[in-house]
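Structure below is upload-v4.cif: mmCIF, N, CA and C atoms.
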data_run
#
loop_
_atom_site.group_PDB
_atom_site.id
_atom_site.type_symbol
_atom_site.label_atom_id
_atom_site.label_comp_id
_atom_site.auth_asym_id
_atom_site.auth_seq_id
_atom_site.Cartn_x
_atom_site.Cartn_y
_atom_site.Cartn_z
ATOM 1 N N MET A 1 105.853 98.886 111.431
ATOM 2 C CA MET A 1 104.793 99.858 111.223
ATOM 3 C C MET A 1 104.531 100.576 112.545
ATOM 4 N N SER A 2 104.409 101.878 112.470
ATOM 5 C CA SER A 2 104.113 102.635 113.689
ATOM 6 C C SER A 2 102.668 102.393 114.090
ATOM 7 N N ASP A 3 102.316 102.789 115.336
ATOM 8 C CA ASP A 3 100.933 102.559 115.692
ATOM 9 C C ASP A 3 100.059 103.594 114.996
ATOM 10 N N MET A 4 99.112 103.074 114.275
ATOM 11 C CA MET A 4 98.274 103.883 113.425
ATOM 12 C C MET A 4 97.003 104.253 114.165
ATOM 13 N N ASN A 5 96.623 105.490 114.049
ATOM 14 C CA ASN A 5 95.427 105.959 114.719
ATOM 15 C C ASN A 5 94.305 106.223 113.732
ATOM 16 N N ILE A 6 94.212 105.428 112.693
ATOM 17 C CA ILE A 6 93.143 105.576 111.709
ATOM 18 C C ILE A 6 92.305 104.311 111.713
ATOM 19 N N GLN A 7 91.026 104.471 111.941
ATOM 20 C CA GLN A 7 90.064 103.362 111.900
ATOM 21 C C GLN A 7 89.039 103.708 110.822
ATOM 22 N N PRO A 8 89.051 102.994 109.685
ATOM 23 C CA PRO A 8 88.038 103.261 108.671
ATOM 24 C C PRO A 8 86.636 103.028 109.236
ATOM 25 N N LEU A 9 85.677 103.770 108.728
ATOM 26 C CA LEU A 9 84.292 103.638 109.178
ATOM 27 C C LEU A 9 83.488 102.784 108.210
ATOM 28 N N GLY A 10 82.455 102.145 108.725
ATOM 29 C CA GLY A 10 81.548 101.362 107.882
ATOM 30 C C GLY A 10 82.255 100.212 107.208
ATOM 31 N N THR A 11 82.066 100.117 105.890
ATOM 32 C CA THR A 11 82.654 99.014 105.123
ATOM 33 C C THR A 11 83.887 99.469 104.348
ATOM 34 N N ARG A 12 84.545 100.491 104.835
ATOM 35 C CA ARG A 12 85.757 100.969 104.167
ATOM 36 C C ARG A 12 86.980 100.185 104.662
ATOM 37 N N VAL A 13 88.009 100.161 103.809
ATOM 38 C CA VAL A 13 89.271 99.513 104.155
ATOM 39 C C VAL A 13 90.415 100.484 103.887
ATOM 40 N N LEU A 14 91.473 100.358 104.659
ATOM 41 C CA LEU A 14 92.684 101.148 104.468
ATOM 42 C C LEU A 14 93.712 100.240 103.807
ATOM 43 N N ILE A 15 94.234 100.684 102.666
ATOM 44 C CA ILE A 15 95.153 99.882 101.853
ATOM 45 C C ILE A 15 96.484 100.615 101.714
ATOM 46 N N ARG A 16 97.590 99.875 101.852
ATOM 47 C CA ARG A 16 98.905 100.432 101.510
ATOM 48 C C ARG A 16 99.267 99.854 100.143
ATOM 49 N N PRO A 17 99.297 100.705 99.097
ATOM 50 C CA PRO A 17 99.628 100.206 97.757
ATOM 51 C C PRO A 17 101.026 99.590 97.721
ATOM 52 N N ILE A 18 101.166 98.547 96.929
ATOM 53 C CA ILE A 18 102.456 97.892 96.728
ATOM 54 C C ILE A 18 102.959 98.346 95.366
ATOM 55 N N GLU A 19 104.080 99.056 95.364
ATOM 56 C CA GLU A 19 104.645 99.607 94.129
ATOM 57 C C GLU A 19 105.177 98.492 93.231
ATOM 58 N N GLN A 20 105.087 98.737 91.920
ATOM 59 C CA GLN A 20 105.656 97.777 90.980
ATOM 60 C C GLN A 20 107.165 97.936 90.941
ATOM 61 N N GLU A 21 107.822 96.938 90.404
ATOM 62 C CA GLU A 21 109.276 96.959 90.307
ATOM 63 C C GLU A 21 109.733 98.133 89.446
ATOM 64 N N ALA A 22 110.892 98.682 89.757
ATOM 65 C CA ALA A 22 111.452 99.789 88.989
ATOM 66 C C ALA A 22 112.210 99.277 87.770
ATOM 67 N N LYS A 23 112.257 97.946 87.618
ATOM 68 C CA LYS A 23 112.995 97.348 86.511
ATOM 69 C C LYS A 23 112.103 96.315 85.828
ATOM 70 N N THR A 24 112.108 96.301 84.508
ATOM 71 C CA THR A 24 111.325 95.311 83.773
ATOM 72 C C THR A 24 112.021 93.959 83.848
ATOM 73 N N SER A 25 111.341 92.903 83.388
ATOM 74 C CA SER A 25 111.936 91.566 83.428
ATOM 75 C C SER A 25 113.175 91.472 82.539
ATOM 76 N N SER A 26 113.259 92.328 81.517
ATOM 77 C CA SER A 26 114.436 92.306 80.651
ATOM 78 C C SER A 26 115.565 93.198 81.165
ATOM 79 N N GLY A 27 115.347 93.862 82.327
ATOM 80 C CA GLY A 27 116.416 94.628 82.944
ATOM 81 C C GLY A 27 116.387 96.124 82.678
ATOM 82 N N ILE A 28 115.360 96.616 81.982
ATOM 83 C CA ILE A 28 115.263 98.050 81.689
ATOM 84 C C ILE A 28 114.732 98.775 82.928
ATOM 85 N N LEU A 29 115.452 99.820 83.354
ATOM 86 C CA LEU A 29 115.020 100.612 84.499
ATOM 87 C C LEU A 29 113.926 101.588 84.060
ATOM 88 N N LEU A 30 112.841 101.657 84.852
ATOM 89 C CA LEU A 30 111.731 102.552 84.532
ATOM 90 C C LEU A 30 111.831 103.833 85.353
ATOM 91 N N PRO A 31 111.673 105.002 84.711
ATOM 92 C CA PRO A 31 111.615 106.243 85.484
ATOM 93 C C PRO A 31 110.280 106.326 86.226
ATOM 94 N N GLU A 32 110.214 107.147 87.270
ATOM 95 C CA GLU A 32 108.983 107.292 88.064
ATOM 96 C C GLU A 32 107.775 107.593 87.189
ATOM 97 N N THR A 33 107.950 108.424 86.154
ATOM 98 C CA THR A 33 106.820 108.838 85.317
ATOM 99 C C THR A 33 106.285 107.704 84.455
ATOM 100 N N ALA A 34 107.064 106.662 84.234
ATOM 101 C CA ALA A 34 106.628 105.544 83.386
ATOM 102 C C ALA A 34 105.927 104.454 84.180
ATOM 103 N N LYS A 35 106.030 104.499 85.507
ATOM 104 C CA LYS A 35 105.404 103.465 86.332
ATOM 105 C C LYS A 35 103.898 103.665 86.351
ATOM 106 N N GLU A 36 103.172 102.573 86.329
ATOM 107 C CA GLU A 36 101.715 102.638 86.443
ATOM 108 C C GLU A 36 101.328 102.755 87.907
ATOM 109 N N LYS A 37 100.121 103.302 88.134
ATOM 110 C CA LYS A 37 99.617 103.347 89.502
ATOM 111 C C LYS A 37 99.472 101.907 89.990
ATOM 112 N N PRO A 38 99.847 101.646 91.238
ATOM 113 C CA PRO A 38 99.724 100.282 91.743
ATOM 114 C C PRO A 38 98.266 99.847 91.804
ATOM 115 N N GLN A 39 98.032 98.581 91.506
ATOM 116 C CA GLN A 39 96.694 98.024 91.578
ATOM 117 C C GLN A 39 96.634 96.895 92.593
ATOM 118 N N MET A 40 97.719 96.708 93.334
ATOM 119 C CA MET A 40 97.743 95.702 94.379
ATOM 120 C C MET A 40 98.207 96.397 95.657
ATOM 121 N N GLY A 41 97.655 95.946 96.778
ATOM 122 C CA GLY A 41 98.046 96.543 98.041
ATOM 123 C C GLY A 41 97.781 95.602 99.195
ATOM 124 N N GLU A 42 98.218 96.039 100.372
ATOM 125 C CA GLU A 42 98.031 95.262 101.594
ATOM 126 C C GLU A 42 96.979 95.949 102.454
ATOM 127 N N VAL A 43 96.057 95.157 102.988
ATOM 128 C CA VAL A 43 95.020 95.690 103.875
ATOM 129 C C VAL A 43 95.672 96.023 105.212
ATOM 130 N N ILE A 44 95.574 97.284 105.623
ATOM 131 C CA ILE A 44 96.188 97.758 106.858
ATOM 132 C C ILE A 44 95.163 97.831 107.985
ATOM 133 N N ALA A 45 93.926 98.220 107.655
ATOM 134 C CA ALA A 45 92.859 98.317 108.658
ATOM 135 C C ALA A 45 91.523 98.162 107.947
ATOM 136 N N ILE A 46 90.521 97.647 108.679
ATOM 137 C CA ILE A 46 89.182 97.509 108.114
ATOM 138 C C ILE A 46 88.187 98.268 108.977
ATOM 139 N N GLY A 47 87.047 98.599 108.369
ATOM 140 C CA GLY A 47 86.020 99.358 109.060
ATOM 141 C C GLY A 47 85.352 98.589 110.183
ATOM 142 N N ASP A 48 84.393 99.259 110.829
ATOM 143 C CA ASP A 48 83.748 98.664 112.002
ATOM 144 C C ASP A 48 82.587 97.727 111.653
ATOM 145 N N GLU A 49 82.214 97.639 110.384
ATOM 146 C CA GLU A 49 81.172 96.687 109.962
ATOM 147 C C GLU A 49 81.845 95.440 109.404
ATOM 148 N N THR A 50 82.590 94.751 110.258
ATOM 149 C CA THR A 50 83.455 93.656 109.823
ATOM 150 C C THR A 50 82.721 92.498 109.160
ATOM 151 N N GLU A 51 81.445 92.261 109.523
ATOM 152 C CA GLU A 51 80.733 91.134 108.907
ATOM 153 C C GLU A 51 80.443 91.379 107.427
ATOM 154 N N ASP A 52 80.503 92.641 106.982
ATOM 155 C CA ASP A 52 80.256 92.974 105.573
ATOM 156 C C ASP A 52 81.544 93.186 104.783
ATOM 157 N N ILE A 53 82.691 92.953 105.417
ATOM 158 C CA ILE A 53 83.981 93.167 104.752
ATOM 159 C C ILE A 53 84.637 91.809 104.528
ATOM 160 N N PRO A 54 84.841 91.424 103.247
ATOM 161 C CA PRO A 54 85.328 90.079 102.943
ATOM 162 C C PRO A 54 86.839 89.892 103.046
ATOM 163 N N VAL A 55 87.560 90.872 103.570
ATOM 164 C CA VAL A 55 89.017 90.754 103.686
ATOM 165 C C VAL A 55 89.446 90.958 105.130
ATOM 166 N N GLU A 56 90.690 90.563 105.407
ATOM 167 C CA GLU A 56 91.255 90.704 106.752
ATOM 168 C C GLU A 56 92.538 91.519 106.674
ATOM 169 N N VAL A 57 92.901 92.116 107.788
ATOM 170 C CA VAL A 57 94.148 92.875 107.866
ATOM 171 C C VAL A 57 95.313 91.950 107.510
ATOM 172 N N GLY A 58 96.219 92.443 106.677
ATOM 173 C CA GLY A 58 97.394 91.665 106.271
ATOM 174 C C GLY A 58 97.260 91.001 104.916
ATOM 175 N N GLN A 59 96.027 90.867 104.407
ATOM 176 C CA GLN A 59 95.851 90.235 103.100
ATOM 177 C C GLN A 59 96.261 91.190 101.983
ATOM 178 N N LYS A 60 96.726 90.612 100.878
ATOM 179 C CA LYS A 60 97.021 91.395 99.689
ATOM 180 C C LYS A 60 95.787 91.352 98.790
ATOM 181 N N VAL A 61 95.446 92.500 98.205
ATOM 182 C CA VAL A 61 94.240 92.611 97.395
ATOM 183 C C VAL A 61 94.521 93.348 96.102
ATOM 184 N N LEU A 62 93.662 93.121 95.110
ATOM 185 C CA LEU A 62 93.686 93.874 93.857
ATOM 186 C C LEU A 62 92.534 94.863 93.873
ATOM 187 N N PHE A 63 92.756 96.037 93.287
ATOM 188 C CA PHE A 63 91.719 97.059 93.218
ATOM 189 C C PHE A 63 91.845 97.820 91.902
ATOM 190 N N PRO A 64 90.765 98.483 91.443
ATOM 191 C CA PRO A 64 90.833 99.249 90.194
ATOM 192 C C PRO A 64 91.829 100.401 90.312
ATOM 193 N N LYS A 65 92.388 100.834 89.164
ATOM 194 C CA LYS A 65 93.439 101.848 89.130
ATOM 195 C C LYS A 65 93.108 103.140 89.867
ATOM 196 N N TYR A 66 91.965 103.713 89.617
ATOM 197 C CA TYR A 66 91.689 105.058 90.134
ATOM 198 C C TYR A 66 90.600 105.039 91.197
ATOM 199 N N THR A 67 90.700 104.100 92.126
ATOM 200 C CA THR A 67 89.710 103.946 93.187
ATOM 201 C C THR A 67 90.267 104.477 94.497
ATOM 202 N N GLY A 68 89.385 104.952 95.343
ATOM 203 C CA GLY A 68 89.770 105.317 96.698
ATOM 204 C C GLY A 68 90.241 106.753 96.854
ATOM 205 N N THR A 69 90.413 107.126 98.102
ATOM 206 C CA THR A 69 90.895 108.449 98.471
ATOM 207 C C THR A 69 92.325 108.305 98.965
ATOM 208 N N GLU A 70 93.244 109.045 98.357
ATOM 209 C CA GLU A 70 94.650 108.958 98.733
ATOM 210 C C GLU A 70 94.910 109.791 99.979
ATOM 211 N N ILE A 71 95.632 109.201 100.942
ATOM 212 C CA ILE A 71 96.061 109.922 102.140
ATOM 213 C C ILE A 71 97.499 109.529 102.448
ATOM 214 N N LYS A 72 98.205 110.372 103.191
ATOM 215 C CA LYS A 72 99.571 110.048 103.619
ATOM 216 C C LYS A 72 99.550 109.749 105.108
ATOM 217 N N ILE A 73 100.192 108.654 105.488
ATOM 218 C CA ILE A 73 100.338 108.272 106.891
ATOM 219 C C ILE A 73 101.814 107.998 107.116
ATOM 220 N N ASP A 74 102.415 108.728 108.028
ATOM 221 C CA ASP A 74 103.852 108.596 108.306
ATOM 222 C C ASP A 74 104.679 108.716 107.023
ATOM 223 N N GLY A 75 104.272 109.599 106.113
ATOM 224 C CA GLY A 75 104.999 109.832 104.870
ATOM 225 C C GLY A 75 104.754 108.807 103.781
ATOM 226 N N GLU A 76 103.920 107.792 104.042
ATOM 227 C CA GLU A 76 103.622 106.755 103.047
ATOM 228 C C GLU A 76 102.231 106.957 102.471
ATOM 229 N N GLU A 77 102.092 106.713 101.170
ATOM 230 C CA GLU A 77 100.790 106.800 100.511
ATOM 231 C C GLU A 77 99.909 105.626 100.932
ATOM 232 N N HIS A 78 98.653 105.902 101.214
ATOM 233 C CA HIS A 78 97.645 104.890 101.521
ATOM 234 C C HIS A 78 96.362 105.258 100.795
ATOM 235 N N LEU A 79 95.461 104.313 100.684
ATOM 236 C CA LEU A 79 94.149 104.541 100.088
ATOM 237 C C LEU A 79 93.070 104.085 101.059
ATOM 238 N N ILE A 80 91.995 104.862 101.138
ATOM 239 C CA ILE A 80 90.796 104.415 101.845
ATOM 240 C C ILE A 80 89.737 104.216 100.774
ATOM 241 N N MET A 81 89.137 103.026 100.750
ATOM 242 C CA MET A 81 88.112 102.732 99.740
ATOM 243 C C MET A 81 87.058 101.809 100.322
ATOM 244 N N GLU A 82 85.937 101.740 99.648
ATOM 245 C CA GLU A 82 84.874 100.819 100.031
ATOM 246 C C GLU A 82 85.335 99.386 99.779
ATOM 247 N N ALA A 83 85.023 98.487 100.680
ATOM 248 C CA ALA A 83 85.388 97.081 100.505
ATOM 249 C C ALA A 83 84.782 96.512 99.224
ATOM 250 N N SER A 84 83.620 97.018 98.822
ATOM 251 C CA SER A 84 82.963 96.525 97.604
ATOM 252 C C SER A 84 83.743 96.897 96.337
ATOM 253 N N ASP A 85 84.679 97.870 96.431
ATOM 254 C CA ASP A 85 85.490 98.246 95.279
ATOM 255 C C ASP A 85 86.650 97.286 95.041
ATOM 256 N N LEU A 86 86.976 96.454 96.032
ATOM 257 C CA LEU A 86 88.078 95.498 95.876
ATOM 258 C C LEU A 86 87.708 94.453 94.837
ATOM 259 N N LEU A 87 88.691 94.050 94.047
ATOM 260 C CA LEU A 87 88.446 93.095 92.963
ATOM 261 C C LEU A 87 88.742 91.647 93.348
ATOM 262 N N ALA A 88 89.819 91.440 94.140
ATOM 263 C CA ALA A 88 90.235 90.064 94.438
ATOM 264 C C ALA A 88 91.221 90.049 95.597
ATOM 265 N N ILE A 89 91.326 88.896 96.219
ATOM 266 C CA ILE A 89 92.341 88.643 97.239
ATOM 267 C C ILE A 89 93.462 87.882 96.539
ATOM 268 N N VAL A 90 94.709 88.307 96.752
ATOM 269 C CA VAL A 90 95.862 87.642 96.147
ATOM 270 C C VAL A 90 96.372 86.603 97.128
ATOM 271 N N LYS A 91 96.406 85.329 96.697
ATOM 272 C CA LYS A 91 96.840 84.236 97.577
ATOM 273 C C LYS A 91 98.224 83.779 97.227
#

Please, can you express the file's structure as structure tokens?
Amino acid sequence: MSDMNIQPLGTRVLIRPIEQEAKTSSGILLPETAKEKPQMGEVIAIGDETEDIPVEVGQKVLFPKYTGTEIKIDGEEHLIMEASDLLAIVK
């Protein structure tokens, strides 16, 4: 990962969505248009109110489908969202 110059403010978190597989378990290849929006991602950065943010950088998290603001960093899609919008930590 390149050095990132984005620091979320407050209780926001920066998430890199993790894309679903392009192939189903039975071996059928899915076209881009058939893939669902990712609902799991990796925490890349957290805001400056760290005591109110229940996740840490590097953790995988679940979030609702249409949450957050989409931004591109180094050509990759990322989301900035409120930490309270996160649903779960994936262990």

Run through the PyMOL selection byres ((chain A and resi 61-65) around 7) on the given coordinates and return the selected residues as a short mmCIF file (atom, residue, chain, number, x, y, z; two decimals) with N, CA and C atoms, keeping the file's coordinate frame.
data_model
loop_
_atom_site.label_atom_id
_atom_site.label_comp_id
_atom_site.auth_asym_id
_atom_site.auth_seq_id
_atom_site.Cartn_x
_atom_site.Cartn_y
_atom_site.Cartn_z
N LYS A 37 100.12 103.30 88.13
CA LYS A 37 99.62 103.35 89.50
C LYS A 37 99.47 101.91 89.99
N PRO A 38 99.85 101.65 91.24
CA PRO A 38 99.72 100.28 91.74
C PRO A 38 98.27 99.85 91.80
N GLN A 39 98.03 98.58 91.51
CA GLN A 39 96.69 98.02 91.58
C GLN A 39 96.63 96.90 92.59
N MET A 40 97.72 96.71 93.33
CA MET A 40 97.74 95.70 94.38
C MET A 40 98.21 96.40 95.66
N GLY A 41 97.66 95.95 96.78
CA GLY A 41 98.05 96.54 98.04
C GLY A 41 97.78 95.60 99.20
N GLU A 42 98.22 96.04 100.37
CA GLU A 42 98.03 95.26 101.59
C GLU A 42 96.98 95.95 102.45
N VAL A 43 96.06 95.16 102.99
CA VAL A 43 95.02 95.69 103.88
C VAL A 43 95.67 96.02 105.21
N GLN A 59 96.03 90.87 104.41
CA GLN A 59 95.85 90.24 103.10
C GLN A 59 96.26 91.19 101.98
N LYS A 60 96.73 90.61 100.88
CA LYS A 60 97.02 91.40 99.69
C LYS A 60 95.79 91.35 98.79
N TYR A 66 91.96 103.71 89.62
CA TYR A 66 91.69 105.06 90.13
C TYR A 66 90.60 105.04 91.20
N THR A 67 90.70 104.10 92.13
CA THR A 67 89.71 103.95 93.19
C THR A 67 90.27 104.48 94.50
N GLY A 68 89.38 104.95 95.34
CA GLY A 68 89.77 105.32 96.70
C GLY A 68 90.24 106.75 96.85
N ASP A 85 84.68 97.87 96.43
CA ASP A 85 85.49 98.25 95.28
C ASP A 85 86.65 97.29 95.04
N LEU A 86 86.98 96.45 96.03
CA LEU A 86 88.08 95.50 95.88
C LEU A 86 87.71 94.45 94.84
N LEU A 87 88.69 94.05 94.05
CA LEU A 87 88.45 93.10 92.96
C LEU A 87 88.74 91.65 93.35
N ALA A 88 89.82 91.44 94.14
CA ALA A 88 90.24 90.06 94.44
C ALA A 88 91.22 90.05 95.60
N ILE A 89 91.33 88.90 96.22
CA ILE A 89 92.34 88.64 97.24
C ILE A 89 93.46 87.88 96.54
N VAL A 90 94.71 88.31 96.75
CA VAL A 90 95.86 87.64 96.15
C VAL A 90 96.37 86.60 97.13
#

Between atom CA of Asn5 of chain A and atom CA of Asp74 of chain A, measure the distance and give it in Å to one decimal.
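Between these atoms lies a distance of 10.9 Å.
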
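Interatomic distance, atom CA of Pro54 of chain A to atom CA of Glu70 of chain A: 21.5 Å.
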
For a test of reading the model, state the distance in Å between atom N of Ile44 of chain A and atom CA of Thr69 of chain A, rounded to one decimal.
14.1 Å
